[in-house]
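Enquirer: Enclosed is the structure file protein_14.txt (compact mmCIF, C-alpha atoms and all ligand atoms).
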```
# COMPACT_ATOMS: atom_id res chain seq x y z
CA MET B 168 20.28 27.64 -28.37
CA ASN B 169 20.18 30.89 -26.39
CA LYS B 170 17.74 33.60 -27.37
CA PHE B 171 18.86 36.17 -29.92
CA ASN B 172 17.22 38.35 -32.55
CA ILE B 173 17.05 37.85 -36.30
CA ALA B 174 16.43 40.80 -38.63
CA LEU B 175 15.05 39.83 -42.03
CA ASP B 176 14.69 42.63 -44.57
CA GLY B 177 14.05 42.81 -48.29
CA PRO B 178 11.63 43.95 -50.97
CA ALA B 179 7.98 42.88 -51.33
CA GLY B 180 7.42 39.24 -52.21
CA ALA B 181 10.97 37.98 -51.66
CA GLY B 182 9.62 35.25 -49.38
CA LYS B 183 10.47 37.00 -46.09
CA SER B 184 7.29 36.05 -44.24
CA THR B 185 7.47 32.38 -45.23
CA VAL B 186 11.15 32.15 -44.33
CA ALA B 187 10.68 34.10 -41.09
CA ARG B 188 7.77 31.92 -39.99
CA LEU B 189 9.63 28.67 -40.69
CA VAL B 190 12.83 29.86 -38.99
CA ALA B 191 10.82 31.03 -35.96
CA ASN B 192 9.07 27.64 -35.74
CA GLU B 193 12.35 25.80 -35.99
CA LEU B 194 13.99 27.84 -33.21
CA GLY B 195 10.90 28.27 -31.03
CA PHE B 196 11.13 32.05 -31.56
CA VAL B 197 8.35 34.61 -32.07
CA TYR B 198 7.68 35.78 -35.63
CA ILE B 199 6.87 39.48 -36.02
CA ASP B 200 5.67 40.80 -39.38
CA THR B 201 6.23 44.56 -39.18
CA GLY B 202 4.66 45.16 -42.61
CA ALA B 203 1.36 44.13 -40.99
CA MET B 204 1.67 47.12 -38.64
CA TYR B 205 2.03 49.60 -41.53
CA ARG B 206 -0.85 47.82 -43.25
CA ALA B 207 -2.97 48.10 -40.07
CA VAL B 208 -2.44 51.87 -39.91
CA THR B 209 -3.29 52.12 -43.62
CA TRP B 210 -6.48 50.09 -43.08
CA LYS B 211 -7.65 52.35 -40.24
CA VAL B 212 -6.84 55.51 -42.19
CA LEU B 213 -8.82 54.32 -45.23
CA GLU B 214 -11.70 53.16 -42.99
CA LEU B 215 -11.96 56.70 -41.63
CA GLY B 216 -12.01 58.16 -45.16
CA ILE B 217 -8.65 59.84 -44.66
CA LEU B 218 -6.33 60.18 -47.67
CA ALA B 219 -2.69 59.10 -47.45
CA ASP B 220 -1.52 62.68 -48.07
CA GLN B 221 -3.51 64.13 -45.15
CA THR B 222 -0.42 63.69 -43.02
CA ALA B 223 -1.62 65.32 -39.77
CA LYS B 224 -4.78 63.19 -39.74
CA VAL B 225 -2.82 60.03 -40.52
CA ILE B 226 -0.45 60.71 -37.61
CA GLU B 227 -3.35 61.46 -35.25
CA THR B 228 -5.03 58.19 -36.29
CA ALA B 229 -1.83 56.17 -35.86
CA LYS B 230 -1.31 57.60 -32.37
CA ALA B 231 -4.87 56.89 -31.25
CA MET B 232 -5.15 53.31 -32.50
CA ASP B 233 -4.21 50.09 -30.75
CA ILE B 234 -2.41 47.43 -32.81
CA VAL B 235 -1.94 43.92 -31.46
CA LEU B 236 -0.02 41.16 -33.23
CA GLN B 237 -0.69 37.74 -31.78
CA PRO B 238 -0.35 34.10 -32.78
CA GLY B 239 -3.53 33.01 -34.59
CA PRO B 240 -4.88 29.82 -36.19
CA THR B 241 -3.23 30.58 -39.57
CA GLY B 242 -0.13 32.45 -38.44
CA GLN B 243 0.07 35.95 -37.09
CA GLN B 244 -3.27 37.60 -36.27
CA VAL B 245 -3.64 41.38 -36.46
CA LEU B 246 -6.08 43.23 -34.21
CA VAL B 247 -6.87 46.93 -34.55
CA ASP B 248 -8.75 48.32 -31.54
CA GLY B 249 -9.81 44.75 -30.76
CA GLU B 250 -11.08 44.02 -34.29
CA ASP B 251 -9.53 41.19 -36.32
CA VAL B 252 -8.26 42.73 -39.59
CA THR B 253 -5.80 39.95 -40.52
CA ASP B 254 -7.31 39.35 -43.96
CA ARG B 255 -8.53 42.87 -44.67
CA ILE B 256 -5.03 44.38 -44.50
CA ARG B 257 -4.05 42.37 -47.60
CA SER B 258 -6.47 44.12 -50.01
CA ALA B 259 -5.51 45.89 -53.25
CA ALA B 260 -6.45 49.26 -51.70
CA ILE B 261 -4.01 48.66 -48.85
CA ASN B 262 -1.29 47.51 -51.28
CA ALA B 263 -1.74 50.73 -53.23
CA ASN B 264 -1.52 53.03 -50.20
CA VAL B 265 0.72 51.38 -47.61
CA SER B 266 4.04 52.68 -48.93
CA LEU B 267 2.68 56.24 -48.86
CA ILE B 268 1.68 55.88 -45.22
CA ALA B 269 5.06 54.23 -44.45
CA GLN B 270 6.88 57.35 -45.70
CA ILE B 271 5.56 59.46 -42.84
CA ALA B 272 8.35 59.90 -40.27
CA GLU B 273 6.04 60.16 -37.25
CA VAL B 274 4.20 56.97 -38.19
CA ARG B 275 7.53 55.17 -38.48
CA GLU B 276 8.75 56.50 -35.11
CA LEU B 277 5.61 55.24 -33.43
CA LEU B 278 5.77 51.77 -34.98
CA VAL B 279 9.54 51.40 -34.62
CA SER B 280 9.32 52.07 -30.88
CA LYS B 281 6.59 49.39 -30.55
CA GLN B 282 8.75 46.98 -32.58
CA LYS B 283 11.82 47.61 -30.41
CA ALA B 284 9.73 46.90 -27.30
CA MET B 285 8.42 43.65 -28.84
CA ALA B 286 11.99 42.44 -29.43
CA ALA B 287 13.43 43.61 -26.11
CA SER B 288 13.42 40.20 -24.46
CA LYS B 289 15.00 38.59 -27.58
CA GLY B 290 13.98 35.42 -29.38
CA VAL B 291 12.25 37.15 -32.29
CA VAL B 292 12.45 36.81 -36.05
CA MET B 293 11.33 40.19 -37.34
CA ASP B 294 10.68 40.88 -41.01
CA GLY B 295 10.38 44.26 -42.69
CA ARG B 296 12.37 46.88 -44.58
CA ASP B 297 14.39 48.68 -41.89
CA ILE B 298 14.84 46.03 -39.21
CA GLY B 299 18.60 45.56 -39.62
CA THR B 300 19.24 49.30 -40.05
CA GLN B 301 16.81 51.03 -37.65
CA VAL B 302 14.69 48.73 -35.51
CA LEU B 303 17.25 46.14 -34.39
CA PRO B 304 20.67 47.45 -35.45
CA ASP B 305 22.20 45.11 -32.84
CA ALA B 306 20.39 41.97 -34.06
CA GLU B 307 22.73 38.99 -33.84
CA VAL B 308 21.71 37.72 -37.29
CA LYS B 309 20.81 40.00 -40.20
CA ILE B 310 19.58 38.81 -43.57
CA PHE B 311 18.66 40.77 -46.68
CA LEU B 312 16.45 38.52 -48.79
CA THR B 313 15.81 39.41 -52.38
CA ALA B 314 14.71 37.93 -55.73
CA SER B 315 13.97 39.28 -59.19
CA ALA B 316 10.74 41.34 -59.50
CA ARG B 317 9.31 38.77 -61.93
CA GLU B 318 10.01 35.86 -59.59
CA ARG B 319 8.46 37.77 -56.68
CA ALA B 320 5.34 38.59 -58.73
CA GLU B 321 4.98 34.95 -59.76
CA ARG B 322 5.27 33.80 -56.17
CA ARG B 323 2.66 36.27 -54.97
CA TYR B 324 0.39 35.26 -57.86
CA LYS B 325 0.56 31.59 -56.92
CA GLU B 326 -0.35 32.46 -53.32
CA MET B 327 -3.53 34.27 -54.41
CA ASP B 328 -6.84 32.47 -54.12
CA LYS B 329 -8.72 33.89 -57.14
CA PRO B 330 -6.38 36.47 -58.64
CA ALA B 331 -8.23 39.50 -60.06
CA ILE B 332 -4.94 40.74 -61.45
CA THR B 333 -2.37 39.41 -63.95
CA VAL B 334 1.24 38.51 -63.10
CA GLU B 335 2.35 41.49 -65.20
CA GLN B 336 0.14 43.89 -63.20
CA LEU B 337 1.43 42.37 -59.99
CA GLU B 338 5.02 42.85 -61.13
CA LEU B 339 4.32 46.53 -61.86
CA GLU B 340 2.68 47.00 -58.45
CA ILE B 341 5.62 45.33 -56.70
CA ALA B 342 8.11 47.44 -58.66
CA ARG B 343 6.20 50.62 -57.72
CA ARG B 344 6.25 49.66 -54.04
CA ASP B 345 9.99 48.79 -54.21
CA LYS B 346 10.69 52.20 -55.73
CA LEU B 347 8.72 54.08 -53.07
CA ASP B 348 10.28 52.03 -50.27
CA SER B 349 13.84 52.38 -51.59
CA GLU B 350 13.71 56.06 -52.43
CA ARG B 351 11.89 57.47 -49.40
CA GLU B 352 13.79 59.89 -47.18
CA VAL B 353 13.14 58.20 -43.85
CA SER B 354 14.57 54.71 -43.30
CA PRO B 355 14.61 53.59 -46.93
CA LEU B 356 14.78 49.93 -47.85
CA VAL B 357 18.50 49.26 -47.91
CA GLN B 358 20.72 46.32 -47.02
CA ALA B 359 22.43 46.85 -43.64
CA GLN B 360 26.21 46.81 -44.01
CA ASP B 361 26.51 43.75 -41.82
CA ALA B 362 23.57 41.84 -43.34
CA VAL B 363 24.04 38.68 -45.36
CA LEU B 364 22.53 38.94 -48.86
CA LEU B 365 20.47 35.94 -49.95
CA ASP B 366 18.92 35.81 -53.42
CA SER B 367 15.99 33.43 -53.51
CA SER B 368 15.34 33.79 -57.28
CA ASN B 369 16.38 30.29 -58.19
CA ILE B 370 16.35 28.43 -54.92
CA PRO B 371 13.41 26.94 -53.04
CA LEU B 372 12.45 28.86 -49.88
CA GLN B 373 13.08 25.70 -47.86
CA ASP B 374 16.76 25.98 -48.83
CA VAL B 375 16.78 29.66 -47.80
CA VAL B 376 15.45 28.56 -44.40
CA GLY B 377 18.31 26.06 -44.13
CA LYS B 378 20.81 28.77 -44.99
CA VAL B 379 19.40 31.15 -42.35
CA LEU B 380 19.51 28.41 -39.71
CA GLU B 381 23.11 27.72 -40.69
CA LEU B 382 23.96 31.41 -40.22
CA CYS B 383 22.26 31.34 -36.83
CA ARG B 384 24.35 28.37 -35.70
CA ALA B 385 27.54 30.01 -36.95
CA LYS B 386 26.89 33.36 -35.33
CA VAL B 387 25.49 32.47 -31.94
O1 LIG O 401 6.01 43.45 -45.77
P1 LIG O 401 4.83 44.03 -46.50
O2 LIG O 401 4.93 43.91 -47.98
O3 LIG O 401 3.52 43.56 -45.97
O4 LIG O 401 4.92 45.59 -46.15
C1 LIG O 401 3.99 46.52 -46.65
C2 LIG O 401 4.63 47.89 -46.77
O5 LIG O 401 4.90 48.40 -45.46
C3 LIG O 401 5.97 47.95 -47.49
O6 LIG O 401 5.83 48.04 -48.90
C4 LIG O 401 6.58 49.21 -46.90
O7 LIG O 401 6.09 50.36 -47.54
C5 LIG O 401 6.06 49.21 -45.46
N1 LIG O 401 7.03 48.68 -44.49
C6 LIG O 401 8.03 49.53 -44.05
N2 LIG O 401 8.88 49.12 -43.06
C7 LIG O 401 8.78 47.90 -42.54
C8 LIG O 401 7.79 47.00 -43.00
C9 LIG O 401 6.94 47.41 -44.01
O8 LIG O 401 8.14 50.65 -44.53
N3 LIG O 401 9.61 47.54 -41.55
```
Do you think you could lay out the structure here as structure tokens?
Expert:
Amino acid sequence: MNKFNIALDGPAGAGKSTVARLVANELGFVYIDTGAMYRAVTWKVLELGILADQTAKVIETAKAMDIVLQPGPTGQQVLVDGEDVTDRIRSAAINANVSLIAQIAEVRELLVSKQKAMAASKGVVMDGRDIGTQVLPDAEVKIFLTASARERAERRYKEMDKPAITVEQLELEIARRDKLDSEREVSPLVQAQDAVLLDSSNIPLQDVVGKVLELCRAKV
């Protein structure tokens, strides 16, 4: 199969990263988790004691930092200024702040231009919120993957090692993030007109992978 790009968008916990990773493996493509880039900026900002609403400082920090996504032993590894922050960007503090940082237009511009460059030579499966609409509007295959908030919370809960939070709390946190992501002014989470909607509420992610591969074969 020739190289092409796949845009995979949807709300938190819909299974995007699992599906994207499996599809990328199957096709020999590169998986790019763009949420990790917003999380990396959030991590650096919090490390420096900057608050999410100190917009000028957040932008300055985002411009000065170096983010590298590379294949690691357990999937994609995230380096910030050479430091491995792969696990640290998944903390509760990051979850609580990332959607506020992701609302800042200048931060988005910066990350979107990096993401476009990463996909320029094709052969990527990129997951996020605005991939089909802003980052790769010409992607050959576009998927919008969703599931009910409860199902997404339960999935996230099962993935957690020693959850310090209940499924109900997780569902509320996910719903809050969905709301912020869908209602923001810049590049809100929205299904691209030409994206295929897949609801993973009642189907195993392995079947979603099969469906995406089918769409790839049909389109390319
Ligand atoms: O995908 P993940 O849940 O790790 O993304 C974390 C947050 O980063 C999202 O809730 C959203 O606020 C932001 N994000 C975004 N655009 C993307 C990817 C993530 O705004 N392309």
Enquirer: Counting only C-alpha atoms and all ligand atoms, name the residues that have an atom within 7 Å of an atom of ligand LIG 401 (chain O); the answer should be given as a ChimeraX atom specification.
Expert: /B:179-180,200-203,205-206,265-267,269-270,294-298,344-345,348
Enquirer: If I take CA of Glu340 in chain B and CA of Ala263 in chain B, how far is one from the other in Å, to one decimal?
Expert: 7.8 Å
Enquirer: Just checking: using all atoms listed in the file, which residue out of B:Arg255, B:Thr222, B:Gly249, B:Met285 ends up closest to Val197 in chain B?
Expert: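 For Val197 in chain B, the nearest of the candidates is B:Met285.
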Enquirer: Name the residues in contact with Ile226 in chain B at a cut-off of 12 Å, using all atoms listed in the file, excluding same-chain residues fewer than 4 positions from it; report them as a PyMOL selection string.
Expert: chain B and resi 208-209+211-212+217-222+230-232+268-278
Enquirer: Report the distance between CA of Gln336 in chain B and CA of Gly182 in chain B in Å, rounded to one decimal place.
Expert: 18.9 Å
Enquirer: Could you state the separation of CA of Gly299 in chain B and CA of Lys224 in chain B in Å, given to one decimal place?
Expert: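 Separating CA of Gly299 in chain B from CA of Lys224 in chain B is a distance of 29.3 Å.
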Enquirer: Hey, what's within 8 Å of range 356-370 of chain B if we count all atoms listed in the file and toss same-chain stuff fewer than 3 positions away? As a list in words, please?
Expert: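 Non-adjacent residues within range: Asp176, Gly177, Pro178, Ala181, Gly182, Arg296, Asp297, Gly299, Thr300, Val308, Lys309, Ile310, Phe311, Leu312, Thr313, Ala314, Ser315, Glu318, Arg319, Asp348, Ser349, Glu350, Asp374 and Val375 of chain B.
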Enquirer: Write out as JSON, numbers by chain which residues come within 12 Å of Asn169 in chain B when counting all atoms listed in the file, dropping same-chain ones fewer than 3 positions away.
Expert: {"B": [172, 194, 195, 196, 288, 289, 290, 291, 307, 383, 384, 386, 387]}
Enquirer: Using only C-alpha atoms, can you tell me which of B:Leu347, B:Ala174, B:Val302, B:Ile234 comes closest to Thr253 in chain B?
Expert: B:Ile234
Enquirer: Which is closest to Arg323 in chain B among B:Leu189, B:Leu337, B:Leu246, B:Val353, if we use all atoms listed in the file?
Expert: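 Nearest candidate to Arg323 in chain B out of B:Leu189, B:Leu337, B:Leu246, B:Val353: B:Leu337.
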Enquirer: Which residue, B:Ala260, B:Asp251, B:Leu339, B:Ala306, has the smallest gap to Lys170 in chain B when you use all atoms listed in the file?
Expert: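 When distances to Lys170 in chain B are compared using all atoms listed in the file, the smallest one comes from B:Ala306.
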Enquirer: Would you please work out which residue, of B:Ala191, B:Arg322, B:Gln282, B:Met204, is nearest to Leu372 in chain B when using only C-alpha atoms?
Expert: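 Among B:Ala191, B:Arg322, B:Gln282, B:Met204, it is B:Arg322 that comes nearest to Leu372 in chain B.
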